[in-house]
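Shown below: target36.cif, with mmCIF, C-alpha atoms.
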data_start
#
loop_
_atom_site.label_atom_id
_atom_site.label_comp_id
_atom_site.auth_asym_id
_atom_site.auth_seq_id
_atom_site.Cartn_x
_atom_site.Cartn_y
_atom_site.Cartn_z
CA MET M 1 33.70 91.28 -23.96
CA ARG M 2 33.57 87.90 -22.42
CA ASN M 3 34.19 89.49 -19.06
CA LEU M 4 31.38 91.95 -19.51
CA GLU M 5 28.99 89.12 -20.27
CA LYS M 6 30.08 87.28 -17.19
CA GLN M 7 29.61 90.37 -15.08
CA PHE M 8 26.22 91.02 -16.58
CA SER M 9 25.11 87.46 -15.99
CA GLY M 10 26.31 87.75 -12.41
CA TYR M 11 24.21 90.84 -11.77
CA PHE M 12 21.24 89.18 -13.37
CA HIS M 13 21.35 86.06 -11.28
CA THR M 14 21.98 87.96 -8.07
CA TYR M 15 19.33 90.63 -8.42
CA TYR M 16 16.68 89.12 -10.66
CA ARG M 17 14.35 87.81 -7.99
CA PRO M 18 14.69 90.70 -5.53
CA LEU M 19 14.05 93.14 -8.36
CA CYS M 20 10.95 91.21 -9.37
CA LEU M 21 9.66 91.58 -5.82
CA HIS M 22 10.59 95.23 -5.80
CA ALA M 23 8.54 95.71 -8.97
CA LEU M 24 5.72 93.62 -7.57
CA HIS M 25 5.15 96.24 -4.87
CA PHE M 26 4.44 98.82 -7.55
CA MET M 27 2.59 96.69 -10.04
CA GLY M 28 0.71 94.31 -7.78
CA ASN M 29 0.90 91.73 -10.53
CA ALA M 30 3.66 89.18 -10.84
CA GLU M 31 3.65 88.92 -14.65
CA GLU M 32 3.90 92.65 -15.10
CA ALA M 33 6.58 92.87 -12.45
CA GLU M 34 8.65 90.27 -14.24
CA ASP M 35 8.18 92.02 -17.59
CA ILE M 36 9.54 95.22 -16.15
CA VAL M 37 12.60 93.56 -14.68
CA GLN M 38 13.26 91.86 -18.01
CA GLU M 39 12.97 95.19 -19.77
CA THR M 40 15.34 96.76 -17.28
CA PHE M 41 17.99 94.13 -17.94
CA VAL M 42 17.61 94.51 -21.68
CA ASN M 43 18.36 98.21 -21.20
CA LEU M 44 21.34 97.40 -19.03
CA TRP M 45 22.57 94.99 -21.68
CA ASP M 46 22.49 97.79 -24.21
CA LYS M 47 24.63 99.84 -21.88
CA ARG M 48 26.93 97.02 -20.91
CA GLU M 49 29.95 98.84 -22.25
CA GLN M 50 29.39 101.42 -19.53
CA LEU M 51 28.94 98.85 -16.80
CA GLU M 52 32.29 99.80 -15.31
CA THR M 53 31.27 103.40 -14.97
CA ILE M 54 28.09 102.71 -12.99
CA ARG M 55 29.11 103.26 -9.40
CA SER M 56 26.61 100.93 -7.84
CA VAL M 57 24.94 98.60 -10.29
CA LYS M 58 22.66 97.44 -7.53
CA SER M 59 21.21 100.88 -6.82
CA TYR M 60 21.12 101.58 -10.51
CA LEU M 61 18.97 98.49 -11.06
CA TYR M 62 16.58 99.22 -8.20
CA THR M 63 16.11 102.78 -9.33
CA ALA M 64 15.65 101.78 -12.95
CA VAL M 65 13.05 99.16 -12.02
CA ARG M 66 11.16 101.68 -9.93
CA ASN M 67 11.20 104.26 -12.71
CA ASN M 68 10.08 101.73 -15.27
CA CYS M 69 7.21 100.73 -12.99
CA LEU M 70 6.12 104.31 -12.52
CA THR M 71 6.32 104.97 -16.25
CA ARG M 72 4.20 101.96 -16.96
CA ILE M 73 1.60 102.91 -14.38
CA ARG M 74 1.46 106.44 -15.71
CA ASP M 75 1.13 105.27 -19.32
CA ALA M 76 -1.59 102.82 -18.45
CA ASN M 77 -3.54 105.43 -16.56
CA PRO M 78 -2.61 108.88 -17.75
CA THR M 79 -4.99 110.69 -15.42
CA THR M 80 -3.52 109.37 -12.17
CA SER M 81 -1.05 111.59 -10.54
CA LEU M 82 1.97 109.83 -9.16
CA ASP M 83 1.02 111.10 -5.70
CA MET M 84 -1.84 108.66 -5.78
CA LEU M 85 0.46 105.68 -5.80
CA PRO M 86 0.38 103.05 -3.09
CA PRO M 87 1.32 104.60 0.25
CA ASP M 88 3.84 101.87 0.50
CA GLU M 89 6.49 104.28 -0.35
CA LEU M 90 6.80 105.65 3.12
CA LEU M 91 9.82 103.44 3.22
CA SER M 92 13.14 104.93 2.30
CA GLU M 93 14.85 103.62 -0.78
CA GLU M 94 17.27 101.68 1.34
CA GLU M 95 14.45 100.07 3.27
CA GLN M 96 12.76 99.12 0.04
CA VAL M 97 15.90 97.44 -1.21
CA GLU M 98 16.26 95.59 2.06
CA ARG M 99 12.65 94.51 1.96
CA ALA M 100 12.99 93.23 -1.61
CA GLY M 101 15.98 91.17 -0.54
CA MET M 102 14.12 89.67 2.37
CA GLU M 103 11.05 88.90 0.31
CA SER M 104 13.11 87.33 -2.41
CA CYS M 105 14.50 85.13 0.29
CA ILE M 106 11.03 84.23 1.55
CA TRP M 107 9.94 83.43 -2.00
CA LYS M 108 12.85 81.09 -2.38
CA MET M 109 12.06 79.45 0.95
CA ILE M 110 8.53 78.73 -0.23
CA ASP M 111 10.06 77.21 -3.37
CA GLU M 112 12.12 74.96 -1.17
CA LEU M 113 9.33 73.73 1.10
CA PRO M 114 8.50 70.06 0.70
CA GLU M 115 5.98 69.91 -2.10
CA ARG M 116 3.03 68.64 -0.13
CA ARG M 117 3.62 71.16 2.63
CA ARG M 118 3.92 73.97 0.13
CA LYS M 119 0.65 73.05 -1.52
CA ILE M 120 -1.24 72.89 1.75
CA PHE M 121 0.36 76.08 2.99
CA LEU M 122 -0.60 77.98 -0.18
CA LEU M 123 -4.14 76.65 -0.13
CA ALA M 124 -4.52 77.93 3.40
CA LYS M 125 -2.64 81.20 3.30
CA ARG M 126 -2.84 82.32 -0.32
CA ASP M 127 -6.15 80.91 -1.42
CA GLY M 128 -7.87 81.33 1.95
CA ILE M 129 -9.26 77.82 2.06
CA SER M 130 -10.16 76.56 5.53
CA TYR M 131 -8.18 73.80 7.22
CA LYS M 132 -11.29 71.70 7.25
CA GLU M 133 -11.80 71.99 3.51
CA ILE M 134 -8.13 71.29 2.80
CA ALA M 135 -8.35 68.24 5.01
CA GLU M 136 -11.31 67.01 3.00
CA GLN M 137 -9.59 67.71 -0.30
CA THR M 138 -6.36 66.01 0.62
CA GLY M 139 -7.74 63.26 2.78
CA LEU M 140 -5.52 64.34 5.67
CA SER M 141 -6.72 65.08 9.18
CA VAL M 142 -7.33 68.69 10.14
CA LYS M 143 -4.59 68.33 12.72
CA THR M 144 -2.07 67.31 10.07
CA VAL M 145 -3.04 70.19 7.83
CA GLU M 146 -2.67 72.59 10.70
CA ASN M 147 0.68 71.11 11.46
CA HIS M 148 1.91 71.55 7.88
CA VAL M 149 0.84 75.17 7.81
CA PHE M 150 2.43 75.85 11.16
CA ARG M 151 5.72 74.24 10.16
CA ALA M 152 5.77 76.09 6.88
CA MET M 153 5.17 79.38 8.63
CA GLN M 154 7.89 78.58 11.08
CA SER M 155 10.47 77.94 8.38
CA LEU M 156 9.59 81.22 6.68
CA ARG M 157 10.21 83.08 9.89
CA THR M 158 13.47 81.41 10.68
CA LYS M 159 16.33 83.52 11.90
CA ASP M 160 18.63 82.30 9.14
CA ILE M 161 17.17 84.92 6.96
CA LYS M 162 19.45 87.50 8.57
CA THR M 163 22.53 85.60 7.55
CA TRP M 164 21.09 85.03 4.15
CA LEU M 165 20.37 88.69 3.74
CA PHE M 166 23.82 89.58 4.87
CA PHE M 167 25.34 87.61 2.04
CA PHE M 168 22.94 88.13 -0.75
CA THR M 169 21.53 91.57 -0.75
CA MET U 1 13.37 93.94 17.02
CA GLU U 2 9.61 94.02 17.38
CA LYS U 3 9.44 96.13 14.26
CA ASN U 4 11.60 93.64 12.40
CA ARG U 5 9.29 90.86 13.38
CA GLN U 6 6.35 92.86 12.13
CA ASP U 7 8.06 93.67 8.85
CA ARG U 8 8.87 90.07 8.40
CA ASP U 9 5.29 88.96 8.93
CA GLU U 10 4.12 91.65 6.58
CA SER U 11 6.59 90.46 3.96
CA VAL U 12 5.62 86.81 4.40
CA ARG U 13 2.02 87.78 3.90
CA PHE U 14 2.88 89.80 0.81
CA VAL U 15 4.99 87.08 -0.77
CA VAL U 16 2.48 84.33 -0.03
CA GLN U 17 -0.26 86.42 -1.60
CA HIS U 18 1.59 86.61 -4.89
CA TYR U 19 3.53 83.40 -4.84
CA GLN U 20 3.44 81.26 -7.97
CA LYS U 21 5.63 78.24 -8.34
CA GLY U 22 8.41 78.76 -10.84
CA MET U 23 7.91 82.47 -11.12
CA PHE U 24 10.72 85.01 -10.63
CA GLU U 25 13.11 82.16 -11.20
CA PRO U 26 16.48 83.61 -12.25
CA SER U 27 17.38 80.69 -14.50
CA LYS U 28 14.08 80.91 -16.37
CA GLY U 29 14.30 84.68 -16.49
CA TRP U 30 17.78 84.37 -17.95
CA LYS U 31 16.56 82.12 -20.73
CA ARG U 32 13.82 84.53 -21.58
CA LEU U 33 16.18 87.48 -21.49
CA THR U 34 18.84 85.97 -23.69
CA ALA U 35 16.21 84.94 -26.19
CA SER U 36 14.97 88.51 -26.42
CA LEU U 37 18.24 90.40 -26.43
CA PRO U 38 18.40 92.51 -29.56
CA GLY U 39 20.34 91.14 -32.47
CA SER U 40 22.24 88.04 -31.72
CA GLY U 41 20.31 86.99 -28.66
CA ARG U 42 20.33 83.32 -29.36
CA VAL U 43 23.91 83.18 -30.45
CA ARG U 44 24.97 85.09 -27.41
CA TYR U 45 23.02 82.73 -25.29
CA LEU U 46 24.84 79.83 -26.82
CA SER U 47 28.13 81.57 -26.54
CA PHE U 48 28.08 82.35 -22.91
CA ILE U 49 25.50 80.42 -21.02
CA THR U 50 25.84 77.06 -22.63
CA ARG U 51 29.53 77.46 -23.05
CA ALA U 52 30.16 75.35 -20.01
CA ALA U 53 27.49 72.85 -20.96
CA ALA U 54 28.72 72.75 -24.52
CA ALA U 55 32.24 72.10 -23.35
CA VAL U 56 30.99 69.09 -21.43
CA VAL U 57 28.91 67.84 -24.33
CA LEU U 58 31.85 68.37 -26.62
CA LEU U 59 33.94 66.00 -24.57
CA PHE U 60 31.38 63.30 -25.19
CA VAL U 61 30.94 63.79 -28.87
CA ALA U 62 34.46 64.91 -29.67
CA GLY U 63 34.98 61.50 -31.23
CA ILE U 64 32.11 62.09 -33.57
CA GLY U 65 33.27 65.62 -33.93
CA VAL U 66 29.82 67.05 -34.16
CA TRP U 67 28.11 68.93 -31.49
CA MET U 68 24.51 69.65 -31.73
CA MET U 69 23.22 72.77 -30.19
CA VAL U 70 20.38 72.01 -27.91
CA ASN U 71 17.92 74.49 -29.25
CA ARG U 72 16.01 74.19 -32.43
CA PRO U 73 16.81 74.67 -35.19
CA GLU U 74 19.27 71.83 -35.01
CA GLN U 75 22.68 73.05 -35.94
CA LEU U 76 25.55 70.79 -36.76
CA PHE U 77 29.07 71.98 -36.91
CA ALA U 78 31.95 69.73 -37.89
CA GLN U 79 35.08 70.13 -35.81
CA VAL U 80 37.09 67.62 -37.79
CA ASP U 81 37.15 66.17 -41.29
CA ASN U 82 34.89 63.26 -42.23
CA THR U 83 32.36 63.84 -39.50
CA GLU U 84 29.47 61.48 -40.10
CA PHE U 85 25.91 62.16 -39.15
CA THR U 86 22.52 60.63 -39.81
CA LEU U 87 19.60 62.98 -40.42
CA PRO U 88 16.12 62.23 -39.04
CA ASP U 89 15.07 60.71 -42.39
CA ASN U 90 18.10 58.36 -42.22
CA SER U 91 19.96 60.21 -44.93
CA GLN U 92 23.67 60.08 -44.27
CA ILE U 93 25.99 63.02 -44.42
CA VAL U 94 29.73 63.35 -44.13
CA MET U 95 30.91 66.79 -43.17
CA GLN U 96 34.35 68.26 -43.66
CA ARG U 97 35.94 70.40 -41.00
CA GLY U 98 34.20 73.76 -40.62
CA ALA U 99 31.03 72.67 -42.42
CA LYS U 100 27.71 73.75 -40.95
CA LEU U 101 24.28 72.27 -41.44
CA GLU U 102 21.00 73.45 -40.04
CA TYR U 103 17.47 72.15 -40.15
CA ASP U 104 14.42 73.01 -38.14
CA ARG U 105 11.78 70.89 -36.48
CA HIS U 106 9.63 70.90 -39.61
CA PHE U 107 12.26 68.81 -41.32
CA GLY U 108 10.57 65.94 -43.08
CA LYS U 109 6.98 67.04 -42.67
CA THR U 110 6.30 67.98 -46.27
CA GLU U 111 9.83 68.38 -47.47
CA ARG U 112 13.25 67.78 -46.08
CA HIS U 113 14.86 71.17 -45.97
CA VAL U 114 18.37 71.94 -44.72
CA SER U 115 20.65 74.94 -45.01
CA MET U 116 24.35 74.51 -45.16
CA GLN U 117 27.75 75.98 -45.64
CA GLY U 118 31.11 74.31 -46.14
CA GLU U 119 31.67 70.90 -47.65
CA ILE U 120 29.19 68.11 -47.07
CA ALA U 121 28.61 64.83 -48.87
CA PHE U 122 25.02 63.58 -48.91
CA ALA U 123 23.53 60.14 -49.37
CA VAL U 124 19.87 61.01 -49.46
CA VAL U 125 17.27 58.35 -48.76
CA ARG U 126 14.82 58.20 -51.63
CA ASP U 127 11.39 59.58 -50.82
CA GLU U 128 9.48 61.04 -53.73
CA THR U 129 6.77 62.48 -51.54
CA ARG U 130 9.20 64.58 -49.57
CA PRO U 131 11.86 66.25 -51.72
CA PHE U 132 15.18 66.89 -50.09
CA ILE U 133 16.11 70.55 -50.46
CA ILE U 134 19.41 72.17 -49.62
CA SER U 135 19.85 75.92 -49.37
CA THR U 136 23.34 77.33 -49.61
CA PRO U 137 24.09 81.06 -49.38
CA THR U 138 23.95 81.24 -53.18
CA ALA U 139 21.89 78.36 -54.53
CA ARG U 140 19.20 75.79 -54.02
CA ILE U 141 19.59 72.11 -54.64
CA GLU U 142 16.71 69.67 -54.90
CA VAL U 143 16.87 65.93 -54.92
CA LEU U 144 14.66 62.97 -54.43
CA GLY U 145 17.27 60.49 -53.40
CA THR U 146 20.85 60.25 -54.50
CA GLU U 147 24.45 60.81 -53.54
CA PHE U 148 26.33 64.01 -54.04
CA THR U 149 28.64 66.50 -52.37
CA VAL U 150 28.05 70.18 -51.83
CA ASN U 151 30.68 72.73 -51.00
CA ALA U 152 29.20 76.11 -50.17
CA GLY U 153 30.99 79.31 -49.25
CA ASP U 154 29.55 82.78 -48.84
CA ASN U 155 29.78 83.55 -52.54
CA GLU U 156 29.93 80.24 -54.27
CA THR U 157 28.49 76.77 -54.31
CA ARG U 158 29.98 73.63 -55.76
CA LEU U 159 28.07 70.46 -56.38
CA SER U 160 29.28 67.10 -57.56
CA VAL U 161 26.88 64.28 -58.16
CA THR U 162 27.89 60.70 -57.44
CA SER U 163 24.67 58.99 -58.38
CA GLY U 164 21.08 59.80 -59.22
CA LYS U 165 19.75 63.18 -60.29
CA VAL U 166 19.94 66.55 -58.60
CA ARG U 167 18.38 69.84 -59.54
CA PHE U 168 20.69 72.76 -58.91
CA THR U 169 19.31 76.30 -59.03
CA PRO U 170 21.66 79.25 -58.56
CA ASP U 171 20.13 82.40 -57.10
CA ASP U 172 21.15 84.66 -60.01
CA PRO U 173 20.69 83.92 -62.85
CA VAL U 174 17.91 81.54 -61.87
CA ILE U 175 18.43 78.56 -64.11
CA PRO U 176 17.44 75.15 -62.84
CA LEU U 177 20.09 72.68 -63.94
CA LEU U 178 19.47 68.99 -63.95
CA CYS U 179 22.66 67.29 -62.86
CA THR U 180 23.34 63.61 -63.19
CA ALA U 181 26.03 61.23 -61.98
CA GLY U 182 29.55 62.40 -62.72
CA MET U 183 28.57 66.04 -63.13
CA THR U 184 29.99 68.88 -61.16
CA VAL U 185 28.59 72.37 -60.88
CA HIS U 186 30.45 75.42 -59.73
CA TYR U 187 28.49 78.59 -59.20
CA SER U 188 30.09 81.86 -58.23
CA ALA U 189 27.66 84.56 -57.14
CA ASN U 190 30.19 87.38 -57.51
CA THR U 191 30.78 86.82 -61.19
CA GLU U 192 27.37 85.21 -61.79
CA THR U 193 29.14 82.32 -63.40
CA ILE U 194 27.84 78.80 -63.54
CA ASN U 195 30.08 76.06 -64.74
CA VAL U 196 28.69 72.60 -65.30
CA SER U 197 31.07 69.86 -66.29
CA SER U 198 31.01 66.14 -66.66
CA PRO U 199 33.46 63.78 -68.34
CA GLY U 200 33.33 64.74 -72.01
CA SER U 201 31.20 67.87 -71.74
CA GLU U 202 31.20 71.31 -70.24
CA MET U 203 28.95 74.31 -70.03
CA GLU U 204 29.56 77.78 -68.71
CA ILE U 205 26.96 80.46 -68.11
CA ASN U 206 28.03 83.96 -67.24
CA GLY U 207 25.25 86.30 -66.14
CA LYS U 208 27.47 89.40 -66.01
CA THR U 209 29.03 89.23 -69.45
CA ARG U 210 25.93 87.49 -70.84
CA SER U 211 28.01 84.77 -72.37
CA LEU U 212 27.33 81.08 -72.83
CA THR U 213 29.71 78.29 -73.64
CA PHE U 214 28.56 74.80 -74.55
CA ASP U 215 30.93 72.00 -75.14
CA ASN U 216 29.23 68.79 -76.19
CA ILE U 217 26.02 69.53 -74.30
CA GLY U 218 22.70 67.89 -75.06
CA LEU U 219 20.18 70.09 -76.87
CA LYS U 220 17.58 69.40 -74.25
CA GLU U 221 19.84 70.89 -71.60
CA ILE U 222 20.82 73.81 -73.82
CA VAL U 223 17.20 74.67 -74.56
CA MET U 224 16.45 74.56 -70.85
CA VAL U 225 19.31 76.94 -70.09
CA LEU U 226 18.44 79.30 -72.93
CA SER U 227 14.79 79.49 -71.99
CA HIS U 228 15.67 80.60 -68.46
CA PHE U 229 18.60 82.77 -69.44
CA TYR U 230 16.55 84.70 -72.01
CA ASN U 231 13.19 84.20 -70.35
CA VAL U 232 11.55 82.74 -73.41
CA GLN U 233 9.71 79.56 -74.22
CA ILE U 234 11.51 77.34 -76.71
CA GLU U 235 10.26 74.24 -78.43
CA LEU U 236 12.60 71.43 -79.28
CA PRO U 237 11.30 68.64 -81.51
CA GLU U 238 11.31 65.35 -79.62
CA ASN U 239 13.50 63.54 -82.13
CA GLU U 240 16.23 66.17 -81.90
CA SER U 241 16.62 66.23 -78.15
CA ASP U 242 19.43 63.68 -78.06
CA LEU U 243 21.74 65.75 -80.27
CA THR U 244 24.63 67.58 -78.69
CA PHE U 245 26.08 70.96 -79.53
CA SER U 246 29.28 72.93 -78.98
CA SER U 247 29.75 76.65 -79.33
CA SER U 248 30.31 79.86 -77.49
CA PHE U 249 28.14 82.99 -77.51
CA THR U 250 28.70 86.41 -76.04
CA GLY U 251 26.16 89.19 -76.21
CA LYS U 252 24.08 87.38 -78.82
CA SER U 253 20.31 87.61 -78.92
CA ILE U 254 18.24 84.49 -78.41
CA VAL U 255 17.07 84.63 -82.01
CA GLU U 256 20.65 84.66 -83.26
CA ILE U 257 21.61 81.74 -81.05
CA ILE U 258 18.68 79.60 -82.12
CA ASN U 259 19.42 80.39 -85.76
CA ILE U 260 23.04 79.34 -85.30
CA ILE U 261 22.06 76.05 -83.68
CA ASN U 262 19.44 75.29 -86.31
CA PHE U 263 21.89 76.15 -89.06
CA THR U 264 24.70 74.03 -87.58
CA LEU U 265 22.70 70.94 -86.67
CA ASP U 266 19.94 71.30 -89.22
CA THR U 267 17.37 71.26 -86.45
CA ASN U 268 13.94 72.90 -86.12
CA ILE U 269 14.05 74.61 -82.76
CA VAL U 270 11.52 77.45 -82.48
CA ILE U 271 10.93 80.26 -80.05
CA VAL U 272 7.31 79.93 -79.03
CA GLU U 273 6.92 82.92 -76.82
CA HIS U 274 9.00 85.88 -75.77
CA GLY U 275 9.05 86.71 -72.12
CA GLY U 276 9.93 90.10 -70.69
CA GLN U 277 13.43 91.22 -71.60
CA GLN U 278 15.76 89.58 -74.03
#
Now that the file is in, can you turn its structure into structure tokens?
Amino acid sequence: MRNLEKQFSGYFHTYYRPLCLHALHFMGNAEEAEDIVQETFVNLWDKREQLETIRSVKSYLYTAVRNNCLTRIRDANPTTSLDMLPPDELLSEEEQVERAGMESCIWKMIDELPERRRKIFLLAKRDGISYKEIAEQTGLSVKTVENHVFRAMQSLRTKDIKTWLFFFT
Amino acid sequence: MEKNRQDRDESVRFVVQHYQKGMFEPSKGWKRLTASLPGSGRVRYLSFITRAAAAVVLLFVAGIGVWMMVNRPEQLFAQVDNTEFTLPDNSQIVMQRGAKLEYDRHFGKTERHVSMQGEIAFAVVRDETRPFIISTPTARIEVLGTEFTVNAGDNETRLSVTSGKVRFTPDDPVIPLLCTAGMTVHYSANTETINVSSPGSEMEINGKTRSLTFDNIGLKEIVMVLSHFYNVQIELPENESDLTFSSSFTGKSIVEIINIINFTLDTNIVIVEHGGQQ
């Protein structure tokens, strides 16, 4: 029993974030994506006794998250056919899993940016605010703002991600 | 390679678009999950996530022998005998090994409510505006400020009063008993038996066999017990309330019992109003 819990907790901590990103591609909304992943783990918890018999828990989780997303979309909008879903899914399942891993990694890297840099970077790239406006808001020079954004971008593109992916996905 | 680069940029763009600080955080997600797991979510959470943390904490408080679980409601669990603890209202408790006490964050707002199991001695700080209430699996104990010990198992509750006054109410039959210094109460839910004893007097109430035993018990107390036991309103003349009475009744009606008391003590107790059943 204790072992099962440990195993379950291990899967959770390893796959939680990538699965959230996987779900985000279907749902387009972070809160909903997270809800679905939570729900998926609750279901897995109910089946924990069978954990040993699942050949690949990782694929099981990705597939379950996808199915739960599709179910939710269908229930929310009963007249949409599933063919109408985002064209995203030209990617093979494997590619989707790989992408989720990479994006989870990027997410974490944003988390780990120095706070000031992260804020400026998000203002520019997520909120679409111009360098000039950010400079005015923060009292920094435009050059400095530009520099922060550039550096942030650079760290997100770093090559390390390959190694990271190798170990964690 | 070029494609990889493109994918990467696409992914960066996607993530940045949706990024919110603190979201998708496995540790937070884990907390949420364990809180929502069906059934014993919280307990499970305590048992396997905080196990490590608890072990550390335990090292620190092992001397005190109490470890408080971090989440509300506050839960105290005594690892060793004579574990002392001070409640938020400064009331002191001494817990015996295996005793549990729980109170939530509303403790002390309008009343001081705790639930407990096992053996715990209380020295309750007097505060008439906020009664101190203890729930055990089988009874409820109310005090204003006094010293007493409660020993509560799944099916029974024992109370002994050191000083002051305590109101003890078993769950079935519901009879509020006013207990004073030197008194002990033993209530067994299985047999529905309440035994109240103090030096020189004893009372036993059995809800199953419908029997009552009074040995040198004050009339005031007897009338109180009878009125709840038979669900009637009984009037006891003021000047007779200090008398005491001894006898044993099984399967008698309330009218018979009152007649016997009146006959024996030459008193004038009357039944004012009949409640539902007899």
Polymer residues at most 6 Å from segment 32-47 of chain M, only C-alpha atoms, same-chain spacing of 4 or more positions, as a ChimeraX atom specification: /M:20,23-24
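What the PyMOL selection byres ((chain M) within 6 of (chain U)) grabs from this file is His13, Tyr16, Arg17, Glu103 and Arg126 of chain M.
In this structure, atom CA of Gln50 of chain M sits 19.2 Å away from atom CA of Thr14 of chain M.
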Result set, the PyMOL selection byres ((chain U and resi 265-275) around 6) on current file, as an MDAnalysis selection string: chainID U and resid 231:236 261:264 276
Given the selection you just returned, output its residues as a file containing C-alpha atoms, formatted as a PDB file, in the frame of the given file.
ATOM      1  CA  ASN U 231      13.190  84.200 -70.350  1.00  0.00           C
ATOM      2  CA  VAL U 232      11.550  82.740 -73.410  1.00  0.00           C
ATOM      3  CA  GLN U 233       9.710  79.560 -74.220  1.00  0.00           C
ATOM      4  CA  ILE U 234      11.510  77.340 -76.710  1.00  0.00           C
ATOM      5  CA  GLU U 235      10.260  74.240 -78.430  1.00  0.00           C
ATOM      6  CA  LEU U 236      12.600  71.430 -79.280  1.00  0.00           C
ATOM      7  CA  ILE U 261      22.060  76.050 -83.680  1.00  0.00           C
ATOM      8  CA  ASN U 262      19.440  75.290 -86.310  1.00  0.00           C
ATOM      9  CA  PHE U 263      21.890  76.150 -89.060  1.00  0.00           C
ATOM     10  CA  THR U 264      24.700  74.030 -87.580  1.00  0.00           C
ATOM     11  CA  GLY U 276       9.930  90.100 -70.690  1.00  0.00           C
TER      12      GLY U 276
END
Residues matched by the PyMOL selection byres ((chain U and resi 82-89) around 12), written as a PyMOL selection string: chain U and resi 61-68+74-81+90-109+111-114+119-127+130-132+145
Have segment 215-226 of chain U completed to N, CA and C atoms, please, and pass it along as a JSON list (two decimals), in the coordinates of the input.
[["chain", "number", "residue", "atom", "x", "y", "z"],
["U", 215, "ASP", "N", 29.99, 72.92, -74.53],
["U", 215, "ASP", "CA", 30.93, 72.00, -75.14],
["U", 215, "ASP", "C", 30.35, 70.59, -75.01],
["U", 216, "ASN", "N", 29.80, 70.13, -76.15],
["U", 216, "ASN", "CA", 29.23, 68.79, -76.19],
["U", 216, "ASN", "C", 28.07, 68.61, -75.18],
["U", 217, "ILE", "N", 27.16, 69.57, -75.22],
["U", 217, "ILE", "CA", 26.02, 69.53, -74.30],
["U", 217, "ILE", "C", 24.76, 69.13, -75.07],
["U", 218, "GLY", "N", 23.94, 68.33, -74.42],
["U", 218, "GLY", "CA", 22.70, 67.89, -75.06],
["U", 218, "GLY", "C", 21.77, 69.06, -75.36],
["U", 219, "LEU", "N", 21.08, 69.00, -76.48],
["U", 219, "LEU", "CA", 20.18, 70.09, -76.87],
["U", 219, "LEU", "C", 19.09, 70.35, -75.83],
["U", 220, "LYS", "N", 18.63, 69.28, -75.24],
["U", 220, "LYS", "CA", 17.58, 69.40, -74.25],
["U", 220, "LYS", "C", 18.02, 70.34, -73.11],
["U", 221, "GLU", "N", 19.26, 70.10, -72.68],
["U", 221, "GLU", "CA", 19.84, 70.89, -71.60],
["U", 221, "GLU", "C", 20.05, 72.34, -72.06],
["U", 222, "ILE", "N", 20.55, 72.46, -73.29],
["U", 222, "ILE", "CA", 20.82, 73.81, -73.82],
["U", 222, "ILE", "C", 19.53, 74.63, -73.92],
["U", 223, "VAL", "N", 18.48, 73.98, -74.41],
["U", 223, "VAL", "CA", 17.20, 74.67, -74.56],
["U", 223, "VAL", "C", 16.67, 75.11, -73.19],
["U", 224, "MET", "N", 16.85, 74.25, -72.22],
["U", 224, "MET", "CA", 16.45, 74.56, -70.85],
["U", 224, "MET", "C", 17.19, 75.79, -70.33],
["U", 225, "VAL", "N", 18.50, 75.81, -70.55],
["U", 225, "VAL", "CA", 19.31, 76.94, -70.09],
["U", 225, "VAL", "C", 18.91, 78.23, -70.82],
["U", 226, "LEU", "N", 18.78, 78.12, -72.13],
["U", 226, "LEU", "CA", 18.44, 79.30, -72.93],
["U", 226, "LEU", "C", 17.09, 79.88, -72.52]]
